[in-house]
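What follows is a short report on a single structure.
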Amino acid sequence: MKLQRRTSDSEPTNNHATHPHCSWGEAIRRHAARLGEAIALVTPQGETSWTQLDKLATQLGHLYLQRGIRGDQLVAIGLPNGLDCIVAVLACWKVGATPLVLPKGLVSRELSAILQVVNPALLVGDPEGLREASPPTTVERILRPLEDSRSHPDAELPERVSTYCRATCSGGSTGIPKVIVDHTVTRCDPTAGMYTVPAGSVTLVPGPLSHSGPFLNSFWTLLGGGRLVLMERFDAEQTLQLIHTQRPAYLGLVPTMMLRIWRLPESLRNSVDISSLQRVVSSGAPCPPWLMRAWIEWLGPERIFEAYGASERVGGTLISGTEWLRRPGSVGKPTLGRKIRIVGPDGAEMPEGQIGQVHLHSGDDKATDSFHYLGAEPQRNEQGWVTLGDLGYTDAEGYLYLADRNTDMVVTGGVNVYPAEVEAAIEAWPGVLNAVVIGLPDEDLGQRLHAIIETADACTGENPALASFLEERLSRYKIPRSYEWVTEALRNDAGKVRRGALRAQRLTDVRKT
């Protein structure tokens, strides 16, 4: 796909010789020239020096060009966390393209739907489900990027700037995949650090690069000349071991990860040297207050933070543990010039302390052009205000408190799941008249998916055949953890469902038990 261009930023530029700002691809080259054999990346495959990393990205960039990739085209990357995936993304920026890291574990139906939405110019890797998927017939493929590019030159490429730095997959509220295209231009000062990650930081990333937080933390680190420690997948005990041996200063976690680390034996947690950690950020889902307090007591309030925001990066808040102790339950104040307002049902702004819908703004005059979707339309007004459907209120000092979520989306284990997609899969099962999927509280995941299934005759809660059926159609994290079978109608004549009422009733039943 050739993404719509706003400017000529993807044309070659030579101004980096006289100006500290340069393209992201050039930033990697400069760090390699300065740091040489110092370690840039630690993955399960081993250590990679700056010289090696830049060489591999440059060689793959030459292969991209040979395959016809040009500025602002979208490259889909179906690779797990590791060296290959990092290099595949960096090579995109070397040639001015836009990377999209596909989520791991997609089944063929999901992969086909995403590829139809984005129509990438190139598919890198061999993602699960590809053989049964139906990608557009014109898609070029590179199955083994490092092996296939090994014979290509490592001569410096002309510097190019990508108009859009990345694309990110997200479930669509209609059940159709939605892809977020970030309009951040790939130009930076490589000596200044990136956003919240100071230059030269050591960062541990346990989450998948297909998710916004791990992706940004990883590449902000590399673009600032730091050392990235990338896990293939999260494991609580291994995370502690890497903190002990790799000495990261920065660590991003979702609450499910925090809980699983906290559940490890206290003797194990206390045996780990955590003195290197300077900034541990909880994001992706609300952190239970008791868990936030436990981590504050373990690390100290000055080292633990909670962040709230969206993959669209139109707005966001941050709160330190020190602030949180004075305002338990808050997710903080807007950062980086961003803005928040609380809006009532009539569209008017609500006074402090009054619950309404949370609206976010990037604070930029060009906020209406900060992102766009492939496969959906944003809930955004002409002034750039965006809502994620969350309800909350602000206090007198502008700190945000979330009250509930007004959309159907369920955040489970730090991952967003839109019920429409799951419901459509369940309703394809013979005998199902309707299905409604809701999120119920779960100590480990934050919320678990619970399916209420309407049939003509009463059924039991266990149905292994249905589970097998769903495994062929949905990623594992989208499959409900519990089922409930009913014979009463779940939707009215207009096809509407009172999802909130259904959830409230089940929450009441849970409390009674």
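Lettering and numbering for the structure tokens are positional, with chains as A, B, ... in the shown order, residues counted from 1 in each chain, and ligands counted from 1 in the shown order.
Excluding Gly439 of chain A itself and any same-chain residue fewer than 6 positions from it, the protein and nucleic acid residues within 8 Å of it, counting only C-alpha atoms, are Val410, Val411, Thr412, Gln447, Arg448, Leu449, His450 and Arg503 of chain A.
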Tell me which protein, DNA and RNA residues are within 10 Å of Leu291 of chain A, counting only C-alpha atoms, leaving out same-chain ones fewer than 6 positions away, and put them as a ChimeraX atom specification. /A:255,258-259,262,297
Quick one: residues within 6 Å of Arg338 of chain A, only C-alpha atoms, excluding same-chain residues fewer than 5 positions away - as a PyMOL selection string? chain A and resi 315+361-363
Next, write the just-selected residues to a file, as an mmCIF file, in the first residue's frame, keeping N, CA and C atoms as the atom set.
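Output saved as selection-v4.cif:
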data_model
loop_
_atom_site.group_PDB
_atom_site.id
_atom_site.type_symbol
_atom_site.label_atom_id
_atom_site.label_comp_id
_atom_site.auth_asym_id
_atom_site.auth_seq_id
_atom_site.Cartn_x
_atom_site.Cartn_y
_atom_site.Cartn_z
ATOM 1 N N GLY A 315 -3.322 11.679 23.103
ATOM 2 C CA GLY A 315 -3.367 12.232 24.445
ATOM 3 C C GLY A 315 -2.862 11.198 25.416
ATOM 4 N N HIS A 361 -6.612 15.265 23.666
ATOM 5 C CA HIS A 361 -6.103 16.123 22.598
ATOM 6 C C HIS A 361 -4.588 16.142 22.674
ATOM 7 N N SER A 362 -3.941 16.094 21.519
ATOM 8 C CA SER A 362 -2.476 16.059 21.504
ATOM 9 C C SER A 362 -1.849 17.380 21.887
ATOM 10 N N GLY A 363 -2.632 18.471 21.872
ATOM 11 C CA GLY A 363 -2.086 19.784 22.168
ATOM 12 C C GLY A 363 -1.450 20.446 20.969
#
Between A:Gly46, A:Gly316, A:Pro419, A:Pro198, which residue has the minimum interatomic distance to Lys333 of chain A, considering only C-alpha atoms? A:Gly316
From the set A:Leu106, A:Leu251, A:Leu63, A:Ile453, which residue has the shortest atom-to-atom contact distance to Ser210 of chain A, counting only C-alpha atoms? A:Leu106
Residue list (strand (DSSP E or B), DSSP) for segment 266-507 of chain A, as a count of residues only: 86
Per residue of segment 17-79 of chain A within 10 Å of segment 220-239 of chain A, note the shortest atom pair and the distance in Å to one decimal, counting only C-alpha atoms, and order the rows by chain and increasing residue number, as a Markdown table.
| residue | atom | partner | partner_atom | distance |
| --- | --- | --- | --- | --- |
| A:Ser23 | CA | A:Leu223 | CA | 9.9 |
| A:Trp24 | CA | A:Leu223 | CA | 6.7 |
| A:Gly25 | CA | A:Leu223 | CA | 8.7 |
| A:Glu26 | CA | A:Leu223 | CA | 9.5 |
| A:Ala27 | CA | A:Leu223 | CA | 6.2 |
| A:Ile28 | CA | A:Leu223 | CA | 6.3 |
| A:Arg29 | CA | A:Leu223 | CA | 9.9 |
| A:Arg30 | CA | A:Gly225 | CA | 9.0 |
| A:His31 | CA | A:Gly225 | CA | 5.8 |
| A:Ala32 | CA | A:Gly225 | CA | 8.6 |
| A:Arg34 | CA | A:Gly225 | CA | 9.4 |
| A:Leu35 | CA | A:Gly225 | CA | 8.3 |
| A:Ala38 | CA | A:Arg227 | CA | 9.0 |
| A:Ile39 | CA | A:Arg227 | CA | 6.6 |
| A:Ala40 | CA | A:Arg227 | CA | 4.7 |
| A:Leu41 | CA | A:Leu228 | CA | 4.9 |
| A:Val42 | CA | A:Val229 | CA | 4.7 |
| A:Thr43 | CA | A:Leu230 | CA | 5.2 |
| A:Pro44 | CA | A:Glu232 | CA | 6.7 |
| A:Gln45 | CA | A:Glu232 | CA | 9.5 |
| A:Glu47 | CA | A:Val229 | CA | 9.2 |
| A:Thr48 | CA | A:Arg227 | CA | 9.9 |
| A:Ser49 | CA | A:Arg227 | CA | 9.6 |
| A:Trp50 | CA | A:Gly225 | CA | 9.0 |
Go ahead and write the selection's residues with N, CA and C atoms as a tab-separated table (two decimals), in the first residue's frame.
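Done, and the output landed in result.tsv:
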chain	number	residue	atom	x	y	z
A	23	SER	N	17.17	11.69	9.81
A	23	SER	CA	16.17	10.63	9.72
A	23	SER	C	16.48	9.56	10.76
A	24	TRP	N	15.47	8.72	11.05
A	24	TRP	CA	15.68	7.65	12.02
A	24	TRP	C	16.67	6.62	11.49
A	25	GLY	N	16.65	6.37	10.19
A	25	GLY	CA	17.63	5.46	9.62
A	25	GLY	C	19.04	6.00	9.75
A	26	GLU	N	19.21	7.30	9.53
A	26	GLU	CA	20.51	7.94	9.68
A	26	GLU	C	20.95	7.96	11.14
A	27	ALA	N	20.00	8.10	12.06
A	27	ALA	CA	20.34	8.09	13.49
A	27	ALA	C	21.02	6.78	13.87
A	28	ILE	N	20.50	5.66	13.35
A	28	ILE	CA	21.12	4.37	13.64
A	28	ILE	C	22.54	4.33	13.06
A	29	ARG	N	22.74	4.86	11.85
A	29	ARG	CA	24.07	4.87	11.25
A	29	ARG	C	25.04	5.70	12.10
A	30	ARG	N	24.58	6.85	12.60
A	30	ARG	CA	25.45	7.71	13.41
A	30	ARG	C	25.83	7.02	14.71
A	31	HIS	N	24.87	6.36	15.34
A	31	HIS	CA	25.20	5.64	16.58
A	31	HIS	C	26.21	4.53	16.30
A	32	ALA	N	26.04	3.85	15.17
A	32	ALA	CA	26.98	2.78	14.82
A	32	ALA	C	28.38	3.34	14.60
A	34	ARG	N	29.63	5.94	15.99
A	34	ARG	CA	30.16	6.42	17.27
A	34	ARG	C	30.44	5.29	18.25
A	35	LEU	N	29.55	4.29	18.28
A	35	LEU	CA	29.62	3.26	19.32
A	35	LEU	C	30.26	1.97	18.85
A	38	ALA	N	30.15	-1.69	20.58
A	38	ALA	CA	29.33	-1.70	21.80
A	38	ALA	C	28.01	-2.41	21.49
A	39	ILE	N	27.42	-3.02	22.50
A	39	ILE	CA	26.19	-3.81	22.30
A	39	ILE	C	24.99	-2.88	22.16
A	40	ALA	N	24.26	-3.05	21.08
A	40	ALA	CA	23.04	-2.29	20.84
A	40	ALA	C	21.79	-3.07	21.24
A	41	LEU	N	21.85	-4.39	21.04
A	41	LEU	CA	20.64	-5.21	21.17
A	41	LEU	C	20.97	-6.55	21.80
A	42	VAL	N	20.15	-6.95	22.77
A	42	VAL	CA	20.25	-8.26	23.40
A	42	VAL	C	18.92	-8.97	23.17
A	43	THR	N	18.95	-10.12	22.51
A	43	THR	CA	17.75	-10.90	22.24
A	43	THR	C	18.04	-12.35	22.59
A	44	PRO	N	17.02	-13.23	22.54
A	44	PRO	CA	17.29	-14.65	22.78
A	44	PRO	C	18.31	-15.23	21.80
A	45	GLN	N	18.51	-14.55	20.65
A	45	GLN	CA	19.49	-15.04	19.68
A	45	GLN	C	20.92	-14.63	20.04
A	47	GLU	N	23.79	-11.32	21.42
A	47	GLU	CA	24.08	-9.89	21.44
A	47	GLU	C	24.43	-9.41	20.03
A	48	THR	N	24.02	-8.18	19.72
A	48	THR	CA	24.30	-7.58	18.42
A	48	THR	C	24.92	-6.21	18.65
A	49	SER	N	26.07	-5.97	18.02
A	49	SER	CA	26.75	-4.69	18.18
A	49	SER	C	26.09	-3.63	17.30
A	50	TRP	N	26.44	-2.38	17.57
A	50	TRP	CA	25.91	-1.29	16.74
A	50	TRP	C	26.36	-1.44	15.29
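Between atom CA of Asp148 of chain A and atom CA of Pro214 of chain A the separation is 26.7 Å.
Excluding Pro351 of chain A and any residue on its chain fewer than 6 positions from it, the residues at most 10 Å away by only C-alpha atoms are A:Arg341, A:Ile342, A:Val343, A:Gly344, A:Tyr393, A:Thr394, A:Asp395, A:Ala396.
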Arg313 of chain A: which residues within 9 Å, counting only C-alpha atoms, same-chain residues fewer than 5 positions away excluded, as an mmCIF file with N, CA and C atoms, in the first residue's frame?
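Heads up, here's the output in out24.cif:
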data_model
loop_
_atom_site.group_PDB
_atom_site.id
_atom_site.type_symbol
_atom_site.label_atom_id
_atom_site.label_comp_id
_atom_site.auth_asym_id
_atom_site.auth_seq_id
_atom_site.Cartn_x
_atom_site.Cartn_y
_atom_site.Cartn_z
ATOM 1 N N ASP A 182 0.417 6.125 12.375
ATOM 2 C CA ASP A 182 0.962 7.218 13.170
ATOM 3 C C ASP A 182 1.641 8.225 12.237
ATOM 4 N N SER A 362 -3.941 16.094 21.519
ATOM 5 C CA SER A 362 -2.476 16.059 21.504
ATOM 6 C C SER A 362 -1.849 17.380 21.887
ATOM 7 N N SER A 370 -2.904 13.894 13.154
ATOM 8 C CA SER A 370 -1.872 13.173 13.907
ATOM 9 C C SER A 370 -1.897 11.670 13.645
ATOM 10 N N PHE A 371 -3.006 11.147 13.139
ATOM 11 C CA PHE A 371 -3.104 9.731 12.792
ATOM 12 C C PHE A 371 -4.298 9.538 11.877
#
Can you tell me, as a count of residues only, which residues in segment 235-329 of chain A count as helix (DSSP H, G or I) by DSSP? 41
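Residues in contact with Ser275 of chain A at up to 12 Å, not including ones fewer than 5 positions away on its chain and judged by only C-alpha atoms, are Ile243, His244, Thr245, Gln246, Arg247, Pro248, Ala249, Tyr250, Asn270, Val280, Trp298, Leu299, Gly300 and Arg303 of chain A.
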For those residues, write N, CA and C atoms to a file as a tab-separated table (two decimals), in the first residue's frame.
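The file below, result_30.tsv, is the result:
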chain	number	residue	atom	x	y	z
A	243	ILE	N	16.61	-8.30	34.71
A	243	ILE	CA	16.84	-7.09	35.50
A	243	ILE	C	18.15	-7.22	36.26
A	244	HIS	N	18.39	-8.40	36.80
A	244	HIS	CA	19.58	-8.65	37.62
A	244	HIS	C	20.85	-8.61	36.77
A	245	THR	N	20.80	-9.21	35.56
A	245	THR	CA	22.03	-9.35	34.76
A	245	THR	C	22.26	-8.22	33.76
A	246	GLN	N	21.19	-7.67	33.20
A	246	GLN	CA	21.34	-6.65	32.16
A	246	GLN	C	21.29	-5.22	32.69
A	247	ARG	N	20.82	-5.04	33.91
A	247	ARG	CA	20.83	-3.74	34.59
A	247	ARG	C	20.05	-2.67	33.84
A	248	PRO	N	18.80	-2.93	33.45
A	248	PRO	CA	18.03	-1.91	32.74
A	248	PRO	C	17.63	-0.77	33.67
A	249	ALA	N	17.53	0.42	33.08
A	249	ALA	CA	17.01	1.57	33.82
A	249	ALA	C	15.52	1.74	33.58
A	250	TYR	N	15.04	1.28	32.43
A	250	TYR	CA	13.66	1.52	32.02
A	250	TYR	C	12.98	0.18	31.77
A	270	ASN	N	13.30	-10.86	46.34
A	270	ASN	CA	14.27	-10.16	47.18
A	270	ASN	C	15.72	-10.52	46.85
A	280	VAL	N	9.85	2.36	36.09
A	280	VAL	CA	8.99	1.23	35.76
A	280	VAL	C	7.59	1.78	35.52
A	298	TRP	N	7.76	-1.94	47.13
A	298	TRP	CA	8.92	-2.74	46.74
A	298	TRP	C	10.02	-1.88	46.11
A	299	LEU	N	9.64	-1.04	45.14
A	299	LEU	CA	10.63	-0.27	44.40
A	299	LEU	C	10.92	1.10	45.00
A	300	GLY	N	9.94	1.64	45.72
A	300	GLY	CA	10.02	3.02	46.15
A	300	GLY	C	9.18	3.88	45.23
A	303	ARG	N	10.24	5.50	41.63
A	303	ARG	CA	10.64	4.70	40.48
A	303	ARG	C	9.48	4.03	39.76
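Going from atom CA of Lys178 of chain A over to atom CA of Ile114 of chain A, you cover 7.8 Å.
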Neighbour list for Val118 of chain A as a count of residues only, cut-off 12 Å, only C-alpha atoms, skip fewer than 5 positions in-chain: 31
